[in-house]
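K.L.:
As input, take target_0.tsv (TSV, C-alpha atoms):
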chain	number	residue	atom	x	y	z
Q	1	MET	CA	11.95	58.85	-75.67
Q	2	GLY	CA	12.28	61.37	-78.47
Q	3	LEU	CA	15.72	62.39	-77.22
Q	4	GLU	CA	16.80	58.73	-77.16
Q	5	ILE	CA	15.84	58.25	-80.79
Q	6	ALA	CA	17.65	61.43	-81.76
Q	7	THR	CA	20.88	60.39	-79.98
Q	8	THR	CA	20.71	56.89	-81.45
Q	9	LYS	CA	20.41	58.34	-84.93
Q	10	LEU	CA	23.23	60.73	-84.21
Q	11	GLU	CA	25.39	57.82	-83.06
Q	12	ASP	CA	24.52	55.96	-86.25
Q	13	ALA	CA	25.60	58.91	-88.35
Q	14	ALA	CA	28.85	59.23	-86.39
Q	15	ASN	CA	29.52	55.51	-86.75
Q	16	TRP	CA	28.88	55.76	-90.48
Q	17	GLY	CA	31.57	58.40	-90.64
Q	18	ARG	CA	33.95	56.46	-88.41
Q	19	LYS	CA	33.82	53.27	-90.39
Q	20	PHE	CA	34.94	54.98	-93.60
Q	21	SER	CA	37.78	56.92	-92.02
Q	22	LEU	CA	39.70	54.44	-89.88
Q	23	PHE	CA	43.14	55.75	-89.11
Q	24	THR	CA	45.50	52.83	-88.67
Q	25	TYR	CA	48.34	52.51	-86.22
Q	26	PRO	CA	50.43	49.59	-87.52
Q	27	PHE	CA	52.04	47.90	-84.51
Q	28	VAL	CA	54.34	45.84	-86.72
Q	29	THR	CA	56.65	43.43	-84.95
Q	30	ALA	CA	57.31	40.59	-87.37
Q	31	CYS	CA	57.08	39.13	-90.85
Q	32	CYS	CA	53.33	39.82	-91.18
Q	33	GLY	CA	54.42	43.40	-91.73
Q	34	MET	CA	55.31	42.47	-95.32
Q	35	GLU	CA	51.75	41.37	-95.89
Q	36	PHE	CA	50.49	44.54	-94.27
Q	37	MET	CA	52.55	46.53	-96.76
Q	38	SER	CA	51.05	44.49	-99.54
Q	39	VAL	CA	47.55	45.37	-98.32
Q	40	ALA	CA	48.45	49.02	-98.26
Q	41	ALA	CA	50.12	48.94	-101.68
Q	42	PRO	CA	48.19	49.69	-104.91
Q	43	LYS	CA	47.34	46.12	-105.89
Q	44	TYR	CA	45.08	45.46	-102.90
Q	45	ASP	CA	44.76	49.10	-101.97
Q	46	ILE	CA	43.27	49.42	-98.52
Q	47	ALA	CA	42.50	53.03	-99.46
Q	48	ARG	CA	39.34	51.81	-101.16
Q	49	PHE	CA	37.94	51.38	-97.66
Q	50	GLY	CA	39.14	54.68	-96.31
Q	51	ALA	CA	41.77	53.14	-94.05
Q	52	GLU	CA	44.81	53.95	-96.12
Q	53	PHE	CA	46.57	56.40	-93.91
Q	54	PRO	CA	48.85	54.89	-91.26
Q	55	ARG	CA	49.42	57.32	-88.43
Q	56	PHE	CA	52.59	56.57	-86.58
Q	57	SER	CA	51.31	58.18	-83.44
Q	58	PRO	CA	48.73	56.29	-81.40
Q	59	ARG	CA	47.15	59.59	-80.38
Q	60	GLN	CA	46.04	60.26	-83.94
Q	61	SER	CA	44.71	56.82	-84.76
Q	62	ASP	CA	41.64	54.78	-83.93
Q	63	LEU	CA	42.47	51.39	-85.42
Q	64	LEU	CA	45.31	49.41	-83.88
Q	65	MET	CA	46.65	46.72	-86.19
Q	66	VAL	CA	48.66	44.25	-84.14
Q	67	VAL	CA	50.82	42.81	-86.89
Q	68	GLY	CA	53.10	40.01	-85.77
Q	69	THR	CA	54.28	38.17	-82.68
Q	70	ILE	CA	53.83	39.85	-79.33
Q	71	THR	CA	56.40	38.80	-76.77
Q	72	GLU	CA	55.87	39.04	-73.06
Q	73	ARG	CA	58.44	41.78	-73.04
Q	74	GLN	CA	56.39	43.82	-75.48
Q	75	GLY	CA	53.16	43.43	-73.54
Q	76	PRO	CA	53.47	46.64	-71.51
Q	77	ILE	CA	54.39	48.58	-74.65
Q	78	LEU	CA	51.36	47.30	-76.54
Q	79	LYS	CA	49.11	48.15	-73.63
Q	80	ARG	CA	50.55	51.63	-73.43
Q	81	VAL	CA	50.03	52.24	-77.15
Q	82	TYR	CA	46.43	51.09	-76.83
Q	83	ASP	CA	45.82	53.29	-73.80
Q	84	GLN	CA	47.18	56.32	-75.66
Q	85	MET	CA	44.85	55.93	-78.62
Q	86	ALA	CA	41.90	58.23	-79.09
Q	87	GLU	CA	38.44	56.93	-78.21
Q	88	PRO	CA	36.57	55.19	-79.73
Q	89	LYS	CA	39.18	52.69	-80.87
Q	90	TRP	CA	39.33	49.27	-82.46
Q	91	VAL	CA	41.89	46.50	-82.64
Q	92	ILE	CA	42.61	43.97	-85.36
Q	93	ALA	CA	44.87	41.00	-84.56
Q	94	PHE	CA	46.73	40.42	-87.81
Q	95	GLY	CA	47.89	36.81	-88.27
Q	96	VAL	CA	47.98	33.80	-85.96
Q	97	CYS	CA	50.77	35.14	-83.76
Q	98	ALA	CA	48.81	38.23	-82.79
Q	99	SER	CA	45.66	36.14	-82.44
Q	100	THR	CA	46.87	33.15	-80.43
Q	101	GLY	CA	50.64	33.18	-80.31
Q	102	GLY	CA	50.72	30.88	-83.33
Q	103	PHE	CA	53.42	28.26	-83.19
Q	104	TYR	CA	55.39	30.16	-80.57
Q	105	GLN	CA	54.24	28.13	-77.60
Q	106	ASN	CA	57.14	29.01	-75.38
Q	107	TYR	CA	58.39	31.07	-72.47
Q	108	SER	CA	58.81	34.32	-74.39
Q	109	ALA	CA	55.78	34.65	-76.68
Q	110	MET	CA	52.47	35.95	-75.48
Q	111	PRO	CA	49.57	33.68	-76.47
Q	112	GLY	CA	47.69	36.35	-78.37
Q	113	ALA	CA	47.47	40.12	-78.13
Q	114	ASP	CA	44.08	39.76	-76.44
Q	115	GLN	CA	45.92	38.81	-73.26
Q	116	VAL	CA	46.62	42.49	-72.90
Q	117	ILE	CA	44.14	44.48	-74.98
Q	118	PRO	CA	40.61	43.72	-76.25
Q	119	VAL	CA	40.65	42.58	-79.88
Q	120	ASP	CA	37.68	43.19	-82.19
Q	121	VAL	CA	38.61	41.15	-85.26
Q	122	TYR	CA	41.04	38.25	-85.56
Q	123	ILE	CA	42.68	37.39	-88.87
Q	124	PRO	CA	44.04	33.84	-89.14
Q	125	GLY	CA	46.88	32.94	-91.45
Q	126	CYS	CA	50.65	32.82	-91.33
Q	127	PRO	CA	50.75	35.34	-92.83
Q	128	PRO	CA	47.17	36.11	-93.89
Q	129	ARG	CA	46.40	36.85	-97.54
Q	130	PRO	CA	45.65	40.48	-98.28
Q	131	GLU	CA	42.10	39.45	-99.20
Q	132	GLN	CA	41.64	38.14	-95.67
Q	133	VAL	CA	42.77	41.47	-94.28
Q	134	LEU	CA	40.28	43.33	-96.44
Q	135	ASP	CA	37.61	40.88	-95.37
Q	136	ALA	CA	38.49	41.58	-91.74
Q	137	LEU	CA	38.33	45.29	-92.41
Q	138	ILE	CA	34.84	44.94	-93.85
Q	139	LEU	CA	33.82	42.90	-90.80
Q	140	LEU	CA	35.23	45.60	-88.58
Q	141	MET	CA	33.36	48.30	-90.50
Q	142	LYS	CA	30.17	46.39	-89.90
Q	143	LYS	CA	31.00	46.20	-86.23
Q	144	VAL	CA	31.75	49.90	-86.08
Q	145	GLN	CA	28.44	50.76	-87.76
Q	146	GLU	CA	26.50	48.58	-85.34
Q	147	GLY	CA	28.36	49.93	-82.35
Q	148	ARG	CA	29.64	46.49	-81.31
Q	149	GLY	CA	33.32	47.32	-80.97
Q	150	HIS	CA	34.82	46.74	-77.52
Q	151	SER	CA	35.40	50.40	-76.81
Q	152	GLN	CA	31.96	51.35	-78.14
Q	153	VAL	CA	30.27	48.80	-75.90
Q	154	ARG	CA	32.30	50.02	-72.95
Q	155	HIS	CA	31.25	53.61	-73.66
Q	156	LYS	CA	27.64	52.65	-73.89
Q	157	ARG	CA	27.84	50.81	-70.60
Q	158	GLU	CA	29.59	53.70	-68.91
Q	159	ARG	CA	27.00	56.13	-70.23
Q	160	LEU	CA	24.16	53.98	-68.93
Q	161	ALA	CA	25.85	53.60	-65.57
Q	162	ALA	CA	26.33	57.35	-65.29
Q	163	ARG	CA	22.70	57.95	-66.13
Q	164	GLY	CA	21.64	55.33	-63.57
Q	165	GLU	CA	23.63	57.08	-60.86
Q	166	GLY	CA	22.43	60.54	-61.87
Q	167	GLY	CA	18.72	59.74	-61.86
K	1	MET	CA	96.69	22.13	-91.82
K	2	ALA	CA	94.10	20.55	-89.60
K	3	GLY	CA	95.43	19.95	-86.15
K	4	ALA	CA	98.25	22.48	-86.36
K	5	VAL	CA	96.48	24.83	-83.99
K	6	LEU	CA	95.75	22.00	-81.57
K	7	GLU	CA	99.37	20.92	-81.64
K	8	ALA	CA	100.52	24.43	-80.90
K	9	LEU	CA	98.07	24.63	-78.00
K	10	ARG	CA	99.16	21.30	-76.58
K	11	ALA	CA	102.80	22.22	-76.87
K	12	ARG	CA	102.37	25.56	-75.20
K	13	PHE	CA	99.75	24.92	-72.53
K	14	GLY	CA	100.11	21.19	-71.86
K	15	GLY	CA	98.00	20.34	-68.83
K	16	ALA	CA	95.57	23.18	-69.36
K	17	ILE	CA	94.32	21.45	-72.49
K	18	LEU	CA	92.16	18.61	-71.17
K	19	GLU	CA	91.37	17.02	-74.49
K	20	THR	CA	91.63	17.65	-78.20
K	21	THR	CA	89.68	16.14	-81.05
K	22	SER	CA	89.45	16.72	-84.78
K	23	ALA	CA	86.24	14.89	-85.61
K	24	TYR	CA	85.02	15.63	-89.14
K	25	GLY	CA	87.72	18.24	-89.56
K	26	ASP	CA	86.53	20.32	-86.63
K	27	ASP	CA	89.36	21.08	-84.29
K	28	VAL	CA	88.09	21.10	-80.73
K	29	ALA	CA	90.12	21.84	-77.64
K	30	VAL	CA	88.68	21.31	-74.18
K	31	VAL	CA	90.35	23.87	-71.98
K	32	LYS	CA	90.49	24.27	-68.22
K	33	ARG	CA	88.50	27.20	-67.03
K	34	GLU	CA	91.44	28.82	-65.25
K	35	SER	CA	93.48	28.92	-68.46
K	36	LEU	CA	90.77	30.08	-70.83
K	37	HIS	CA	91.71	33.72	-70.97
K	38	GLU	CA	95.40	32.94	-71.39
K	39	VAL	CA	94.70	30.48	-74.20
K	40	ALA	CA	92.36	32.91	-75.91
K	41	ALA	CA	94.87	35.74	-75.71
K	42	PHE	CA	97.48	33.47	-77.25
K	43	LEU	CA	95.14	32.50	-80.06
K	44	ARG	CA	94.42	36.10	-80.83
K	45	ASP	CA	97.91	37.58	-80.52
K	46	ASP	CA	100.27	34.90	-81.74
K	47	PRO	CA	101.14	35.62	-85.38
K	48	ALA	CA	100.86	31.94	-86.28
K	49	MET	CA	97.34	31.78	-84.80
K	50	ALA	CA	95.92	35.26	-85.52
K	51	MET	CA	92.35	34.39	-84.60
K	52	SER	CA	90.90	37.72	-85.53
K	53	TYR	CA	87.32	36.62	-86.06
K	54	PRO	CA	85.19	35.51	-83.10
K	55	CYS	CA	82.29	33.57	-84.67
K	56	TYR	CA	80.21	32.94	-81.61
K	57	CYS	CA	80.18	31.93	-78.01
K	58	THR	CA	77.41	30.02	-76.37
K	59	CYS	CA	76.76	27.44	-73.71
K	60	VAL	CA	75.61	23.84	-73.77
K	61	ASP	CA	73.54	22.29	-71.03
K	62	TYR	CA	74.40	18.59	-70.87
K	63	LEU	CA	71.73	17.71	-68.34
K	64	GLY	CA	70.78	14.12	-69.09
K	65	MET	CA	73.70	13.53	-71.44
K	66	GLU	CA	76.95	11.72	-70.98
K	67	LEU	CA	79.38	14.41	-70.21
K	68	LEU	CA	81.72	16.11	-72.52
K	69	THR	CA	84.09	13.31	-73.45
K	70	ILE	CA	83.44	13.47	-77.16
K	71	SER	CA	85.80	11.14	-78.89
K	72	PRO	CA	86.10	10.79	-82.67
K	73	THR	CA	85.15	7.12	-82.56
K	74	THR	CA	81.82	7.75	-80.84
K	75	PRO	CA	80.81	11.02	-82.38
K	76	LEU	CA	77.36	11.17	-80.82
K	77	ALA	CA	77.02	11.33	-77.08
K	78	VAL	CA	74.58	8.70	-75.87
K	79	PRO	CA	71.85	10.04	-73.61
K	80	ALA	CA	72.32	8.45	-70.23
K	81	ILE	CA	69.48	10.31	-68.47
K	82	PRO	CA	70.68	10.13	-64.90
K	83	SER	CA	68.18	11.33	-62.36
K	84	SER	CA	70.78	13.57	-60.83
K	85	LEU	CA	74.32	14.48	-61.71
K	86	PRO	CA	77.29	13.73	-59.53
K	87	GLU	CA	78.20	16.74	-57.47
K	88	GLU	CA	81.27	17.82	-59.37
K	89	ALA	CA	80.47	16.59	-62.86
K	90	PRO	CA	80.45	19.47	-65.31
K	91	ARG	CA	76.87	20.02	-66.41
K	92	TYR	CA	77.59	22.96	-68.70
K	93	ALA	CA	80.21	23.76	-71.29
K	94	MET	CA	81.02	27.14	-72.70
K	95	VAL	CA	81.74	26.92	-76.40
K	96	TYR	CA	83.77	29.46	-78.32
K	97	GLU	CA	84.33	29.33	-82.04
K	98	LEU	CA	87.27	31.31	-83.36
K	99	ARG	CA	88.50	31.86	-86.87
K	100	SER	CA	91.59	33.28	-88.45
K	101	ILE	CA	90.89	35.16	-91.64
K	102	LYS	CA	94.60	35.41	-92.36
K	103	HIS	CA	95.50	31.73	-91.97
K	104	ARG	CA	92.05	30.35	-92.82
K	105	HIS	CA	91.92	28.06	-89.85
K	106	ARG	CA	89.49	27.78	-87.03
K	107	ILE	CA	89.14	26.23	-83.63
K	108	ARG	CA	86.40	25.46	-81.19
K	109	ILE	CA	87.13	25.82	-77.52
K	110	LYS	CA	85.05	24.15	-74.87
K	111	VAL	CA	85.24	24.93	-71.20
K	112	PRO	CA	83.47	22.53	-68.85
K	113	LEU	CA	81.67	24.22	-65.97
K	114	THR	CA	80.01	22.73	-62.93
K	115	GLU	CA	76.59	23.77	-61.78
K	116	GLY	CA	77.74	25.01	-58.41
K	117	ASP	CA	80.49	27.18	-59.84
K	118	LEU	CA	79.01	28.53	-63.03
K	119	LYS	CA	81.36	31.32	-63.95
K	120	VAL	CA	84.11	31.97	-66.41
K	121	GLN	CA	86.37	34.86	-67.29
K	122	THR	CA	85.05	37.21	-69.93
K	123	LEU	CA	86.64	37.32	-73.36
K	124	SER	CA	84.94	40.57	-74.28
K	125	ASP	CA	88.16	42.42	-73.50
K	126	LEU	CA	89.94	40.44	-76.24
K	127	TRP	CA	87.11	40.46	-78.79
K	128	PRO	CA	84.51	43.18	-78.14
K	129	ALA	CA	82.06	41.21	-80.30
K	130	PHE	CA	81.72	38.76	-77.42
K	131	ASN	CA	80.16	41.45	-75.25
K	132	TRP	CA	76.56	40.90	-76.32
K	133	LEU	CA	77.06	37.18	-76.95
K	134	GLU	CA	78.18	36.75	-73.38
K	135	ARG	CA	75.19	38.76	-72.23
K	136	GLU	CA	72.96	36.41	-74.20
K	137	THR	CA	74.67	33.39	-72.66
K	138	PHE	CA	74.22	34.89	-69.22
K	139	ASP	CA	70.57	35.58	-69.98
K	140	MET	CA	69.78	32.13	-71.33
K	141	TYR	CA	72.02	29.91	-69.18
K	142	GLY	CA	73.05	31.99	-66.20
K	143	VAL	CA	76.77	31.78	-66.77
K	144	ALA	CA	78.46	34.60	-64.89
K	145	PHE	CA	81.25	36.28	-66.84
K	146	GLU	CA	83.87	37.73	-64.57
K	147	GLY	CA	85.15	41.09	-65.69
K	148	HIS	CA	82.34	41.69	-68.16
K	149	PRO	CA	81.70	45.44	-68.46
K	150	ASP	CA	77.89	45.26	-68.56
K	151	LEU	CA	76.48	41.89	-67.58
K	152	ARG	CA	72.72	42.36	-67.87
K	153	ARG	CA	69.97	40.36	-69.51
K	154	ILE	CA	69.74	41.09	-73.21
K	155	PHE	CA	66.63	39.28	-74.48
K	156	MET	CA	64.45	38.64	-71.47
K	157	TYR	CA	63.23	41.37	-69.16
K	158	ASP	CA	64.75	42.06	-65.77
K	159	GLU	CA	61.68	40.71	-63.98
K	160	PHE	CA	62.21	37.27	-65.56
K	161	ILE	CA	63.26	34.62	-63.05
K	162	GLY	CA	65.52	31.80	-64.16
K	163	HIS	CA	67.32	31.05	-67.39
K	164	PRO	CA	65.05	29.74	-70.13
K	165	LEU	CA	67.46	27.67	-72.23
K	166	ARG	CA	68.51	25.50	-69.34
K	167	LYS	CA	67.23	22.00	-69.80
K	168	ASP	CA	65.34	22.10	-66.52
K	169	TYR	CA	63.38	25.26	-67.37
K	170	PRO	CA	59.87	24.23	-68.49
K	171	LYS	CA	59.82	25.69	-71.96
K	172	GLU	CA	56.24	26.92	-71.82
K	173	ARG	CA	56.39	28.56	-68.42
K	174	ARG	CA	55.60	32.20	-69.11
K	175	GLN	CA	56.23	35.02	-66.71
K	176	PRO	CA	53.79	37.70	-67.83
K	177	LEU	CA	54.53	41.34	-67.21
K	178	VAL	CA	51.00	42.50	-67.90
K	179	ARG	CA	47.60	40.88	-68.42
K	180	ARG	CA	44.17	42.28	-69.18
K	181	GLU	CA	41.40	42.17	-66.63
K	182	PHE	CA	38.55	40.23	-68.11
K	183	SER	CA	36.03	41.21	-65.45
K	184	ASP	CA	34.54	44.14	-67.40
K	185	GLU	CA	33.34	42.15	-70.42
Will you turn the file into structure tokens for me?
P.N.:
Amino acid sequence: MGLEIATTKLEDAANWGRKFSLFTYPFVTACCGMEFMSVAAPKYDIARFGAEFPRFSPRQSDLLMVVGTITERQGPILKRVYDQMAEPKWVIAFGVCASTGGFYQNYSAMPGADQVIPVDVYIPGCPPRPEQVLDALILLMKKVQEGRGHSQVRHKRERLAARGEGG
Amino acid sequence: MAGAVLEALRARFGGAILETTSAYGDDVAVVKRESLHEVAAFLRDDPAMAMSYPCYCTCVDYLGMELLTISPTTPLAVPAIPSSLPEEAPRYAMVYELRSIKHRHRIRIKVPLTEGDLKVQTLSDLWPAFNWLERETFDMYGVAFEGHPDLRRIFMYDEFIGHPLRKDYPKERRQPLVRREFSDE
């Protein structure tokens, strides 16, 4: 019991650190990218939340921003980028196209990035206002702190399953 | 100026030119498929034509439309919506738009194609810019370009079955390459 409390507190401390140092991988495919740049630029300044540093390698990042339309052809690429990212990892679907496919209801567009990878926070808007993006980031930080991100939940489940098998 | 190119084509190729119109100042020549390459080469090389600028090439799927006889008096084709086309009626038309920067004239060439024999000679040897445009047309409509150096899909992936801009392709039928398994959530 004592050990459990200690590990929970440790996890809390780690999550506190994680939520203020999200390293973004911008998977930018369309016009929403302009709005992403605006978020990163001084006026809205995503650096205030510790997520200012886009890493252009998935291996060095833990927040995947899916910015723009995902086509069926890009699906395998998106999945591969997600699989290459370091654990634990989070995903934000930026704009309606990444969330649902938006108005591209046709043969080539994927109806949302969550067809391929688990998404933690969805941002509506075409494109979303920078304030919405910051709002989503704050929501995500809350999720990270509480350990409710998809990859965090998966880890927890795997850990429990391993313990169940071991003892 | 308008019509000079059409007159030259009619004079030189005669029967190969099925129809010519100049509706709204757009010179259109409907050309037999067998003569397309010859006509195009003439348009490019003849000093009086000098079509140096290939604007685009694409295809039109006339499924459900009255076919291809576009006369200046009835500028809009009336949808006839037949349940099925006659065997040999041309369902498709290749469309090429050519311009001459030197003479400042242009022409549109249409080539009717039947469904069962959907191929045409490539023009990418005359204008290399047509290389990718013909690949796009092949991708979207399935027109086979004979003599094309690299006839592959250009927008859709190789696994895609069918040609999405054909009128009988259901426009929302997706062919996913990858999907997530939802079982673990």
K.L.:
As an exercise, work out the distance from atom CA of K:Tyr62 to atom CA of K:Glu97 in Å and give it to one decimal place.
P.N.:
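Interatomic distance, atom CA of K:Tyr62 to atom CA of K:Glu97: 18.4 Å.
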K.L.:
At most 12 Å from (42.5, 43.2, -69.3), file frame, only C-alpha atoms: which residues, as a ChimeraX atom specification?
P.N.:
/Q:75-76,79,82-83,113-119,150 /K:178-185
K.L.:
Show me, as a CSV table (one decimal) with C-alpha atoms, keeping the file's coordinate frame, the residues that have an atom within 8 Å of Q:Arg55 when counting only C-alpha atoms, minus same-chain residues fewer than 3 positions from it.
P.N.:
chain,number,residue,atom,x,y,z
Q,23,PHE,CA,43.1,55.8,-89.1
Q,24,THR,CA,45.5,52.8,-88.7
Q,25,TYR,CA,48.3,52.5,-86.2
Q,26,PRO,CA,50.4,49.6,-87.5
Q,58,PRO,CA,48.7,56.3,-81.4
Q,60,GLN,CA,46.0,60.3,-83.9
Q,61,SER,CA,44.7,56.8,-84.8
K.L.:
Taking (86.7, 35.5, -73.0) in the file's coordinates as the center, which residues reach within 10 Å of it, counting only C-alpha atoms, put as a ChimeraX atom specification?
P.N.:
/K:36-41,57,96,120-128,130-131,134,145-148
K.L.:
Which residue, Q:Asp62, Q:Glu158, Q:Glu146, Q:Glu11, has the smallest gap to chain K when you use all atoms listed in the file?
P.N.:
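Among the listed residues, the smallest separation from chain K belongs to Q:Glu158.
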K.L.:
With only C-alpha atoms as the counted atoms, please give the residues lying no more than 7 Å from stretch 171-175 of chain K, apart from itself and same-chain residues fewer than 5 positions off, as a list in words.
P.N.:
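Residues near the query, excluding close chain neighbours: Gln105, Asn106, Tyr107 and Ser108 of chain Q; Phe160 and Pro164 of chain K.
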K.L.:
Just give me the gap between atom CA of K:Met49 and atom CA of K:Arg108 in Å, one decimal is fine.
P.N.:
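The value is 13.1 Å.
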K.L.:
So, counting all atoms listed in the file, which residue among Q:Thr69, Q:Asn15, Q:Ser57, Q:Thr8 is closest to Q:Cys31?
P.N.:
Q:Thr69
